[in-house]
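Trainee: Dropping the structure in here first, questions after.
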There are 4 protein chains.
Amino acid sequence: MYSFTNDYSEGAHPRIMDALAAANMDQDTGYGEDRFSLAAIDQFKRLLNRDDLAIHLLVGGTQTNMIAISSFLRPHEAAIAAVTGHINVHETGAIEATGHKVIAVPGAPGGKLDPAAIQSALDTHTDEHMVKPKLVYISDTTEIGGVYTKAEIEALHAFCKAHQLILYLDGARLGSALTSSENNLTLRDLPDLVDAFYIGGTKNGALLGEALVICNDALKEDFRYMIKQKGALLAKGRVIGIQFLELFRDDLYYQLADHANHMAAKLAQAIRESGYRFFTESASNQIFPIFSNSLIEQLRKNFSFATWEKVDVSHTAVRLVTSWATKEDQVDAFIDALKKGAKSLSAVEK
Amino acid sequence: MYSFTNDYSEGAHPRIMDALAAANMDQDTGYGEDRFSLAAIDQFKRLLNRDDLAIHLLVGGTQTNMIAISSFLRPHEAAIAAVTGHINVHETGAIEATGHKVIAVPGAPGGKLDPAAIQSALDTHTDEHMVKPKLVYISDTTEIGGVYTKAEIEALHAFCKAHQLILYLDGARLGSALTSSENNLTLRDLPDLVDAFYIGGTKNGALLGEALVICNDALKEDFRYMIKQKGALLAKGRVIGIQFLELFRDDLYYQLADHANHMAAKLAQAIRESGYRFFTESASNQIFPIFSNSLIEQLRKNFSFATWEKVDVSHTAVRLVTSWATKEDQVDAFIDALKKGAKSLSAVEK
Amino acid sequence: MYSFTNDYSEGAHPRIMDALAAANMDQDTGYGEDRFSLAAIDQFKRLLNRDDLAIHLLVGGTQTNMIAISSFLRPHEAAIAAVTGHINVHETGAIEATGHKVIAVPGAPGGKLDPAAIQSALDTHTDEHMVKPKLVYISDTTEIGGVYTKAEIEALHAFCKAHQLILYLDGARLGSALTSSENNLTLRDLPDLVDAFYIGGTKNGALLGEALVICNDALKEDFRYMIKQKGALLAKGRVIGIQFLELFRDDLYYQLADHANHMAAKLAQAIRESGYRFFTESASNQIFPIFSNSLIEQLRKNFSFATWEKVDVSHTAVRLVTSWATKEDQVDAFIDALKKGAKSLSAVEK
Amino acid sequence: MYSFTNDYSEGAHPRIMDALAAANMDQDTGYGEDRFSLAAIDQFKRLLNRDDLAIHLLVGGTQTNMIAISSFLRPHEAAIAAVTGHINVHETGAIEATGHKVIAVPGAPGGKLDPAAIQSALDTHTDEHMVKPKLVYISDTTEIGGVYTKAEIEALHAFCKAHQLILYLDGARLGSALTSSENNLTLRDLPDLVDAFYIGGTKNGALLGEALVICNDALKEDFRYMIKQKGALLAKGRVIGIQFLELFRDDLYYQLADHANHMAAKLAQAIRESGYRFFTESASNQIFPIFSNSLIEQLRKNFSFATWEKVDVSHTAVRLVTSWATKEDQVDAFIDALKKGAKSLSAVEK
């Protein structure tokens, strides 16, 4: 049984495990002030070509979103997100638990937000009887595999600036985005285009770890207090520092994401060539083909993956996720099983 | 330079690093439902001899306190803690950030709470114009090295039961407590005596990880929602599961804590024999000798440690912390330096 | 200039002003434990024929919703409301500010919720990665004038009971609902059908005041703590007690609401007879006719009222609200102005 | 039975009741934007000689404290208060419920704060593992009758400015303070000395109502959102506007407070002359004599008042509160009863 269920099924890339082992018995300072964390932050500043960024290494994505957004907003201010946005659906109300409404607006294709969607939220929130929209939450890749172009992010940036909105980018799968065939954005572009973003480690080769980058000076003050207050200041912060130091040495991060994307693309191409449609288009490490329920049953004998949404009485969209760890022979085996499965099914079942 | 600053200066015990490496490429389920986490929880149930416990593996101590306490309390209910209690001082208001007041009461010696202290909080909170005291927070060992006896915990248990209070034990340093020369409590005693407690991994050999044990049925419902909402549901939950599985195999946990305590005891004995007093007595891995400022300056040439509290114009209490990783030859070197330092100082400076 | 803008443009009904004046210099206990408040609560129990209800007199509607809902829910639980629901739109995120998500679902006509809408929220919230829907918020009349039938409330009651959901009814305009021509519900029916509801005073003759009735035993404990914590325990609680005592003496409450409904019905009939359509049907004290922008401009010379929603380039839905204080001669004057205005406008403008 | 229990036992001053009645049937705008509220605010600006103040009319004291403090602070920031401070004890954790710790420090005599007390809180809160002290909460008069001198407030102002702390003054009993024999402060001094304060109406002649004055520009933005979100934006805001307009016309406010103070002073003098001591000195409308339990029992046959604190086995401090409504003949009757009671008791009981 091989899993295409998610991109966090394995541990960490071997180079990371080695780095953790190599530094294991060195004594160092706690709470993220160790030499590894400091070096990882310096490395990010060099890669981003900006000395003025405030960078914090955190444990997980929901945690990062919750701490950042609750730190950035005053009590009456709200976040705007696509209805499919992670903070709107899959974080158990973490943002609301810090006191802020998430205003969900219909996303553009691929789960992306555009200025028109944000404008619609502004139009319906006009006085003090309603929350004040203040932060725009986007994710790249999105929760359903969408990849933003540089022009799209620039348009959001311009809109947010014109309307005094904070633009925040959730980069849980930023590796996959930046190495997508549809991408023309670089990591170095981001600090000029968004107020804050995070670079996801957990889903691209680390055991855990997300690097939050705060670009806007007005949002930087006292941020370590927020981390501690939300229970996210790791005593052995080195555990994250060591990992990010290794992940961004020699472009490992990009190589891992690129592998994930290629494995997904190989799957997608074979699925498309076999005549199947997709629930939503994606040039990232998550793809959403529509299979018959009979076929799904057959495939599940050897592969695990998530069902996404019922399409009709006999068809369902599924989600296949690849990662840095995905084995190409298993991708081939899946394609094989797909073709065999399809053959064995009657036209109706197919 | 050797550090006695805290018990989280190194990575993890080598057996844990090996266990992480061994399982690294196995695929498994996310969010703490992997086989390692489930096995670690089963192992705890066996060790605690109770099938009915709800056990959750979390990342850090402040996080665990915050999630547990905010889950257990209704909005108007408050936690009672010693003034030295971690939740009262060193968690950046994490409990208050979830809406609950911490009622700080003067602790008994060693930073411990007793029924009289709790009664004083009940006496001054009598109607709906004040918060309602509902949960009693204790830590074992305490923040200043105190160790509870079984009789003391039993007295707290009886008092809390009589007054419908929840008794919660912070076990960030439970290993040191259970292996202390002053201890007569066993891990297996705890589920009968407290409503919930956690077993600290971070400070006793793990990279990170605390195991929360909920004993009281009334506090168990929907707890995973709380974990997720507070950003604490680790995607690769296996990282904690693997560590606890190894830590409690063959009593490694106790051996590590025992080592830490012995190293502290060796330091304490030599310090006492050299004629120094202590700020507070401790039979745990944290000791608080009082040194002259001149001596402290000398010792700091080769050792790092925290100052705790100014005692008089020329003397200061310091905190020396040992851990599973403390090297005995460094303990000997410290004792040596202490003796030499003392010799070289005039009677006044000493 | 006469206002049909809302139902809180004047002070209180003269009988209430007299009652306040009569009791003014009597000394009594503070914080809602005075004889007037206790008598008002007793009077409600008699009227509702239930001794076991917990009744609390509060100041305003948003305040009542916020205190009740945050008291009833655990941190991960959410409220379900129609998209037009007051808590979803017009309370500046008050519910979210207490930590709870509001799940907005499309309402049935008239802004009412039905079991199918609630089921849709349950279907999309299935595990601990999402909030747990726990409370159903309805308002009667709804924010857009809808009135629930007894059968509709019974259906919601049955559904909520079957799914362990709390049913909460916002009765800011309960007077208008209970005296509506479409209503077949009595005040006395409510305790058996909902877990909690409130009887609105502010919009039906009082200076301020809403009476929260908690019917479900499980939701009653320690509620006065919640009131105090949210800043809603009025020092001179008598101010609300005196008003409700008077409002429900000799059915004044019903007479006032009935007057408001009749004034709205008279307006609606004349508008309908003049050939205008309505944005939404309403048999309550709020009506939503669609007028041409030209006509609106004319009417506004002598009457103030709110615009509701743009219908097309030249037509807009407006909201006309009547109250206990609405003068019939002003209703007649409005109808007159409408007819004259319509006559003076060309067919295109009309 | 006459009550000296508190200063909110009666309704409102007759002039206020008349003003409410006179304006009762005038139509006006809701939510505090009516002509009465606007005029009351203008009147305050004239009285305070400052056009730039942001003034909001709210319902009650706990509500005002909670909204102001939660609006002024970021999530990790805390309020410093005297241990006797209202927000620390008697608001059911309202401040904590908005996420902020209250740091309680021992007050100077009379329940007042001084720079040394604030400094002690700064000294113990030094990094991101602890909350950040940011707002200083004082009350004038204090909860135990203390009255600040102008020099004391100036010293607090200078200290807060030097340490970037917000100085907030709770004026629930500001009338009594400003008319106290110990006072040398004027209302007009306050905007230059504090960042925000409120002028209490409830305890000095109004049915309800507190006027929050925000002096510091940085704290003014979007404040009406906060009011609405906390359920405090009264639909018929006129109810408060009319009252404050009347209270500050022709110095009624000062006359009422002056009467309360004089009645308290008359009581205090007689008590002192009869040989009784006081628990704490007070030149305000609250006094705290120490009586024998036997005497208390006798006095309670005709007067109600609160016991404050047990002093020894047979003596208790009580609290006598006077108000604008206190009748002088009842003050005389109390003095009489005191003298008779004292005579009838043996020396031991006295």
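How things are named: the first chain in the structure tokens is A, the next is B, and so on; residues count from 1 in each chain; ligands count from 1 in the order shown.
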Excluding Asp52 of chain B and any residue of its chain fewer than 3 positions from it, enumerate the residues within 9 Å of it, using only C-alpha atoms, and give them as an mmCIF file with C-alpha atoms, in the first residue's frame.
Mentor:
```cif
data_model
loop_
_atom_site.group_PDB
_atom_site.id
_atom_site.type_symbol
_atom_site.label_atom_id
_atom_site.label_comp_id
_atom_site.auth_asym_id
_atom_site.auth_seq_id
_atom_site.Cartn_x
_atom_site.Cartn_y
_atom_site.Cartn_z
ATOM 1 C CA LYS B 45 -1.819 3.363 29.292
ATOM 2 C CA CYS B 215 -7.883 11.357 33.748
ATOM 3 C CA ASP B 217 -13.909 11.750 32.023
#
```
Trainee: Using only C-alpha atoms, determine which residues of chain D fall within 7 Å of chain B; present them as a list in words.
Mentor: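 Close enough to count are His76, Val89, His90, Glu91, Thr92, Gly93, Glu96, Ala97, Thr98, Gly99, His100, Lys101, Glu128, His129, Met130 and Val131 of chain D.
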Trainee: Would you write out those residues with N, CA and C atoms, as a compact mmCIF listing (two decimals), in the first residue's frame?
Mentor:
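File produced: again_38.txt:
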```txt
# COMPACT_ATOMS: atom_id res chain seq x y z
N HIS D 76 -0.31 41.07 23.74
CA HIS D 76 0.66 40.66 24.77
C HIS D 76 0.81 41.71 25.87
N VAL D 89 -10.28 42.98 40.79
CA VAL D 89 -11.07 42.20 41.73
C VAL D 89 -12.53 42.04 41.32
N HIS D 90 -13.17 43.14 41.02
CA HIS D 90 -14.63 43.14 40.99
C HIS D 90 -15.23 43.23 39.60
N GLU D 91 -14.52 42.75 38.59
CA GLU D 91 -15.11 42.77 37.26
C GLU D 91 -15.14 41.37 36.64
N THR D 92 -15.10 40.35 37.49
CA THR D 92 -15.24 38.96 37.02
C THR D 92 -14.27 38.66 35.87
N GLY D 93 -13.08 39.21 35.98
CA GLY D 93 -12.09 38.89 34.96
C GLY D 93 -12.42 39.47 33.59
N GLU D 96 -9.26 40.14 31.58
CA GLU D 96 -8.67 38.87 31.14
C GLU D 96 -9.53 38.23 30.05
N ALA D 97 -10.82 38.38 30.15
CA ALA D 97 -11.69 37.79 29.13
C ALA D 97 -11.45 38.40 27.75
N THR D 98 -10.86 39.59 27.72
CA THR D 98 -10.47 40.16 26.42
C THR D 98 -9.02 39.81 26.09
N GLY D 99 -8.39 39.00 26.93
CA GLY D 99 -7.07 38.47 26.60
C GLY D 99 -5.89 39.08 27.34
N HIS D 100 -6.14 40.01 28.24
CA HIS D 100 -5.03 40.76 28.85
C HIS D 100 -4.89 40.48 30.33
N LYS D 101 -3.66 40.28 30.74
CA LYS D 101 -3.38 40.07 32.16
C LYS D 101 -3.49 41.40 32.90
N GLU D 128 10.20 38.67 26.63
CA GLU D 128 9.02 38.16 25.95
C GLU D 128 8.45 36.88 26.58
N HIS D 129 9.07 36.40 27.65
CA HIS D 129 8.46 35.27 28.36
C HIS D 129 7.40 35.74 29.35
N MET D 130 7.34 37.04 29.51
CA MET D 130 6.35 37.64 30.41
C MET D 130 5.49 38.62 29.61
N VAL D 131 4.31 38.93 30.12
CA VAL D 131 3.52 39.97 29.47
C VAL D 131 4.27 41.30 29.53
```
Trainee: Where does DSSP see strand (DSSP E) in segment 81-265 of chain A, if you list the residues as a PyMOL selection string?
Mentor: chain A and resi 81-82+102-105+132-139+166-170+196-200+210-214
Trainee: Residues within 8 Å of Leu169 of chain D, please, as a list in words. Count only C-alpha atoms; anything in the same chain fewer than 3 positions from it doesn't count.
Mentor: Tyr137, Ile138, Ser139, Asp140, Val194, Ala196, Phe197 and Tyr198 of chain D
Trainee: Can you list, as a PyMOL selection string, every protein, DNA or RNA residue that comes within 10 Å of Leu245 of chain D when you count only C-alpha atoms, leaving out same-chain residues fewer than 5 positions away?
Mentor: chain D and resi 16+19+36-44+240
Trainee: Report as a list in words all protein, DNA and RNA residues lying within 8 Å of Ala12 of chain A, evaluated on only C-alpha atoms, omitting residues in the same chain fewer than 2 positions from it.
Mentor: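 Here the qualifying residues turn out to be Glu10, Pro14, Ile16, Met17, Gly205, Ala206 and Leu207 of chain A; Asn24 and Met25 of chain B.
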Trainee: Excluding segment 272-279 of chain D and any residue of its chain fewer than 6 positions from it, enumerate the residues within 7 Å of it, using only C-alpha atoms, and give them as a PyMOL selection string.
Mentor: chain D and resi 288-290+317
Trainee: Just want the 9 Å neighbourhood of Thr62 of chain A, counted on only C-alpha atoms, with same-chain residues fewer than 3 positions away dropped. Output as a ChimeraX atom specification.
Mentor: /A:65-67,86-87,90-91,94 /B:228-233
Trainee: What's the separation between atom CA of Leu113 of chain C and atom CA of Gln269 of chain C, in Å to one decimal place?
Mentor: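 The value is 26.8 Å.
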Trainee: How many Å lie between atom CA of Thr326 of chain B and atom CA of Ala260 of chain B, rounded to one decimal?
Mentor: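 Computing the Euclidean distance for atom CA of Thr326 of chain B and atom CA of Ala260 of chain B yields 6.8 Å.
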